[in-house]
Amino acid sequence: MNKGYWIVRADVSDTEKFAEYASLTAEAITKYSGEFIIRAGKSEVVEGSSRSRNTVIQFPSYADALNCWQSIEYHSIKKYRYGAAELDVVIIEGCL
């Protein structure tokens with residue numbers, strides 16, 4: 001079974017509010033066996049465009065990644081990021 005990933009790119013405008021969202025998100029991700037493998041570390045855009053923060057979250061399967069995104073737990077948390085950040089999120093199936 002291939003793993004699933006959330007690829008998240010964000011521009012944060014309110015760090016305090018976004019920090020609250022991020023801490024709550026970790027709980028929902030853990031419930032679906034997700035694991036942060038990249039979390040806003042140093043990066044350099046070498047081609048194209050990006051946002052200021054990049055995060056990759058790995059799940060045991062693509063279905064787990066989708067289920068977490070669609071969960072009641074995550075949807076109740078999403079509101080905390082509104083007005084705090086602009087995000088691009090892609091859920092993708094791994095190849096291994």
# chains A, B, ... in the order shown; residues from 1 in each chain; ligands from 1
>>> closest_atom_pairs(of="region 22-41 of chain A", to="region 66-74 of chain A", cutoff="12 Å", atoms="only C-alpha atoms", output="Markdown table")
| residue | atom | partner | partner_atom | distance |
| --- | --- | --- | --- | --- |
| A:Ala22 | CA | A:Tyr74 | CA | 11.0 |
| A:Ser23 | CA | A:Tyr74 | CA | 11.8 |
| A:Leu24 | CA | A:Tyr74 | CA | 8.7 |
| A:Thr25 | CA | A:Tyr74 | CA | 6.8 |
| A:Ala26 | CA | A:Tyr74 | CA | 9.6 |
| A:Glu27 | CA | A:Glu73 | CA | 8.8 |
| A:Ala28 | CA | A:Tyr74 | CA | 5.9 |
| A:Ile29 | CA | A:Cys68 | CA | 6.6 |
| A:Thr30 | CA | A:Cys68 | CA | 9.4 |
| A:Lys31 | CA | A:Cys68 | CA | 8.2 |
| A:Tyr32 | CA | A:Cys68 | CA | 5.9 |
| A:Ser33 | CA | A:Cys68 | CA | 9.1 |
| A:Gly34 | CA | A:Cys68 | CA | 8.5 |
| A:Glu35 | CA | A:Cys68 | CA | 11.9 |
>>> residues_around(residues="Glu20 (chain A)", least_positions_apart="3", cutoff="12 Å", atoms="only C-alpha atoms", output="number ranges by chain")
A: 14-17, 23-27, 77-82, 84-85
>>> closest_residue(among="A:Gln58, A:Leu87, A:Ala63, A:Ser43", to="Ala10 (chain A)", atoms="only C-alpha atoms")
A:Leu87
>>> closest_residue(among="A:Ser50, A:Glu86, A:Val45, A:Ile57", to="Phe18 (chain A)", atoms="only C-alpha atoms")
A:Glu86
>>> closest_residue(among="A:Gly94, A:Gly83, A:Gly41, A:Gly4", to="Asn54 (chain A)", atoms="only C-alpha atoms")
A:Gly41
>>> atom_distance(atom1="CA of Ile92 (chain A)", atom2="CA of Trp6 (chain A)")
6.6 Å
>>> select_by_dssp(residues="chain A", states="strand (DSSP E or B)", output="PyMOL selection string")
chain A and resi 4-12+35-39+53-59+85-93
>>> atom_distance(atom1="CA of Leu96 (chain A)", atom2="CA of Ser52 (chain A)")
28.4 Å
>>> residues_around(residues="Val8 (chain A)", least_positions_apart="2", cutoff="6 Å", atoms="only C-alpha atoms", output="JSON, numbers by chain")
{"A": [54, 55, 88, 89]}
>>> decode(residues="region 27-38 of chain A", atoms="all heavy atoms", output="PDB file, in the first residue's frame")
ATOM      1  N   GLU A  27      -2.868  17.285  16.628  1.00  0.00           N
ATOM      2  CA  GLU A  27      -3.699  16.274  17.284  1.00  0.00           C
ATOM      3  C   GLU A  27      -4.523  15.483  16.263  1.00  0.00           C
ATOM      4  O   GLU A  27      -4.617  14.264  16.333  1.00  0.00           O
ATOM      5  CB  GLU A  27      -4.636  16.937  18.299  1.00  0.00           C
ATOM      6  CG  GLU A  27      -3.921  17.583  19.463  1.00  0.00           C
ATOM      7  CD  GLU A  27      -4.863  18.370  20.357  1.00  0.00           C
ATOM      8  OE1 GLU A  27      -6.078  18.074  20.373  1.00  0.00           O
ATOM      9  OE2 GLU A  27      -4.364  19.294  21.033  1.00  0.00           O
ATOM     10  N   ALA A  28      -5.131  16.174  15.309  1.00  0.00           N
ATOM     11  CA  ALA A  28      -5.938  15.496  14.286  1.00  0.00           C
ATOM     12  C   ALA A  28      -5.056  14.625  13.399  1.00  0.00           C
ATOM     13  O   ALA A  28      -5.428  13.498  13.058  1.00  0.00           O
ATOM     14  CB  ALA A  28      -6.684  16.521  13.441  1.00  0.00           C
ATOM     15  N   ILE A  29      -3.900  15.127  13.040  1.00  0.00           N
ATOM     16  CA  ILE A  29      -2.981  14.359  12.191  1.00  0.00           C
ATOM     17  C   ILE A  29      -2.530  13.094  12.901  1.00  0.00           C
ATOM     18  O   ILE A  29      -2.490  12.021  12.292  1.00  0.00           O
ATOM     19  CB  ILE A  29      -1.806  15.256  11.769  1.00  0.00           C
ATOM     20  CG1 ILE A  29      -2.329  16.266  10.746  1.00  0.00           C
ATOM     21  CG2 ILE A  29      -0.644  14.438  11.225  1.00  0.00           C
ATOM     22  CD1 ILE A  29      -1.388  17.386  10.436  1.00  0.00           C
ATOM     23  N   THR A  30      -2.223  13.190  14.172  1.00  0.00           N
ATOM     24  CA  THR A  30      -1.806  12.019  14.942  1.00  0.00           C
ATOM     25  C   THR A  30      -2.918  10.975  14.998  1.00  0.00           C
ATOM     26  O   THR A  30      -2.660   9.776  14.897  1.00  0.00           O
ATOM     27  CB  THR A  30      -1.390  12.439  16.373  1.00  0.00           C
ATOM     28  OG1 THR A  30      -0.288  13.349  16.257  1.00  0.00           O
ATOM     29  CG2 THR A  30      -0.984  11.249  17.209  1.00  0.00           C
ATOM     30  N   LYS A  31      -4.158  11.422  15.121  1.00  0.00           N
ATOM     31  CA  LYS A  31      -5.282  10.483  15.172  1.00  0.00           C
ATOM     32  C   LYS A  31      -5.348   9.622  13.908  1.00  0.00           C
ATOM     33  O   LYS A  31      -5.746   8.464  13.955  1.00  0.00           O
ATOM     34  CB  LYS A  31      -6.596  11.233  15.355  1.00  0.00           C
ATOM     35  CG  LYS A  31      -7.791  10.306  15.388  1.00  0.00           C
ATOM     36  CD  LYS A  31      -9.087  11.011  15.655  1.00  0.00           C
ATOM     37  CE  LYS A  31     -10.203   9.961  15.665  1.00  0.00           C
ATOM     38  NZ  LYS A  31     -11.492  10.538  15.859  1.00  0.00           N
ATOM     39  N   TYR A  32      -4.929  10.174  12.779  1.00  0.00           N
ATOM     40  CA  TYR A  32      -4.946   9.441  11.511  1.00  0.00           C
ATOM     41  C   TYR A  32      -3.561   8.885  11.164  1.00  0.00           C
ATOM     42  O   TYR A  32      -3.273   8.589  10.014  1.00  0.00           O
ATOM     43  CB  TYR A  32      -5.497  10.330  10.396  1.00  0.00           C
ATOM     44  CG  TYR A  32      -6.981  10.530  10.563  1.00  0.00           C
ATOM     45  CD1 TYR A  32      -7.489  11.535  11.381  1.00  0.00           C
ATOM     46  CD2 TYR A  32      -7.890   9.676   9.954  1.00  0.00           C
ATOM     47  CE1 TYR A  32      -8.848  11.701  11.582  1.00  0.00           C
ATOM     48  CE2 TYR A  32      -9.254   9.828  10.142  1.00  0.00           C
ATOM     49  CZ  TYR A  32      -9.721  10.829  10.957  1.00  0.00           C
ATOM     50  OH  TYR A  32     -11.083  10.983  11.159  1.00  0.00           O
ATOM     51  N   SER A  33      -2.720   8.739  12.172  1.00  0.00           N
ATOM     52  CA  SER A  33      -1.372   8.165  12.047  1.00  0.00           C
ATOM     53  C   SER A  33      -0.469   8.965  11.123  1.00  0.00           C
ATOM     54  O   SER A  33       0.457   8.416  10.523  1.00  0.00           O
ATOM     55  CB  SER A  33      -1.440   6.702  11.600  1.00  0.00           C
ATOM     56  OG  SER A  33      -2.195   5.950  12.523  1.00  0.00           O
ATOM     57  N   GLY A  34      -0.730  10.253  11.017  1.00  0.00           N
ATOM     58  CA  GLY A  34       0.122  11.122  10.219  1.00  0.00           C
ATOM     59  C   GLY A  34       1.366  11.509  10.983  1.00  0.00           C
ATOM     60  O   GLY A  34       1.385  11.511  12.213  1.00  0.00           O
ATOM     61  N   GLU A  35       2.399  11.843  10.231  1.00  0.00           N
ATOM     62  CA  GLU A  35       3.684  12.213  10.827  1.00  0.00           C
ATOM     63  C   GLU A  35       4.285  13.359  10.017  1.00  0.00           C
ATOM     64  O   GLU A  35       4.377  13.289   8.787  1.00  0.00           O
ATOM     65  CB  GLU A  35       4.611  11.005  10.792  1.00  0.00           C
ATOM     66  CG  GLU A  35       5.992  11.257  11.277  1.00  0.00           C
ATOM     67  CD  GLU A  35       6.879  10.030  11.136  1.00  0.00           C
ATOM     68  OE1 GLU A  35       6.421   8.969  10.671  1.00  0.00           O
ATOM     69  OE2 GLU A  35       8.052  10.153  11.484  1.00  0.00           O
ATOM     70  N   PHE A  36       4.681  14.418  10.710  1.00  0.00           N
ATOM     71  CA  PHE A  36       5.348  15.532  10.038  1.00  0.00           C
ATOM     72  C   PHE A  36       6.744  15.061   9.641  1.00  0.00           C
ATOM     73  O   PHE A  36       7.526  14.621  10.494  1.00  0.00           O
ATOM     74  CB  PHE A  36       5.466  16.735  10.972  1.00  0.00           C
ATOM     75  CG  PHE A  36       4.152  17.431  11.216  1.00  0.00           C
ATOM     76  CD1 PHE A  36       3.343  17.055  12.279  1.00  0.00           C
ATOM     77  CD2 PHE A  36       3.733  18.456  10.383  1.00  0.00           C
ATOM     78  CE1 PHE A  36       2.134  17.697  12.508  1.00  0.00           C
ATOM     79  CE2 PHE A  36       2.523  19.096  10.610  1.00  0.00           C
ATOM     80  CZ  PHE A  36       1.726  18.717  11.668  1.00  0.00           C
ATOM     81  N   ILE A  37       7.053  15.153   8.342  1.00  0.00           N
ATOM     82  CA  ILE A  37       8.412  14.801   7.923  1.00  0.00           C
ATOM     83  C   ILE A  37       9.179  16.038   7.458  1.00  0.00           C
ATOM     84  O   ILE A  37      10.406  16.023   7.439  1.00  0.00           O
ATOM     85  CB  ILE A  37       8.442  13.672   6.870  1.00  0.00           C
ATOM     86  CG1 ILE A  37       7.643  14.023   5.632  1.00  0.00           C
ATOM     87  CG2 ILE A  37       7.925  12.378   7.472  1.00  0.00           C
ATOM     88  CD1 ILE A  37       7.767  12.989   4.524  1.00  0.00           C
ATOM     89  N   ILE A  38       8.479  17.092   7.105  1.00  0.00           N
ATOM     90  CA  ILE A  38       9.080  18.398   6.831  1.00  0.00           C
ATOM     91  C   ILE A  38       8.137  19.417   7.452  1.00  0.00           C
ATOM     92  O   ILE A  38       6.934  19.388   7.212  1.00  0.00           O
ATOM     93  CB  ILE A  38       9.214  18.667   5.316  1.00  0.00           C
ATOM     94  CG1 ILE A  38      10.129  17.645   4.669  1.00  0.00           C
ATOM     95  CG2 ILE A  38       9.705  20.100   5.065  1.00  0.00           C
ATOM     96  CD1 ILE A  38      10.115  17.683   3.154  1.00  0.00           C
TER      97      ILE A  38
END
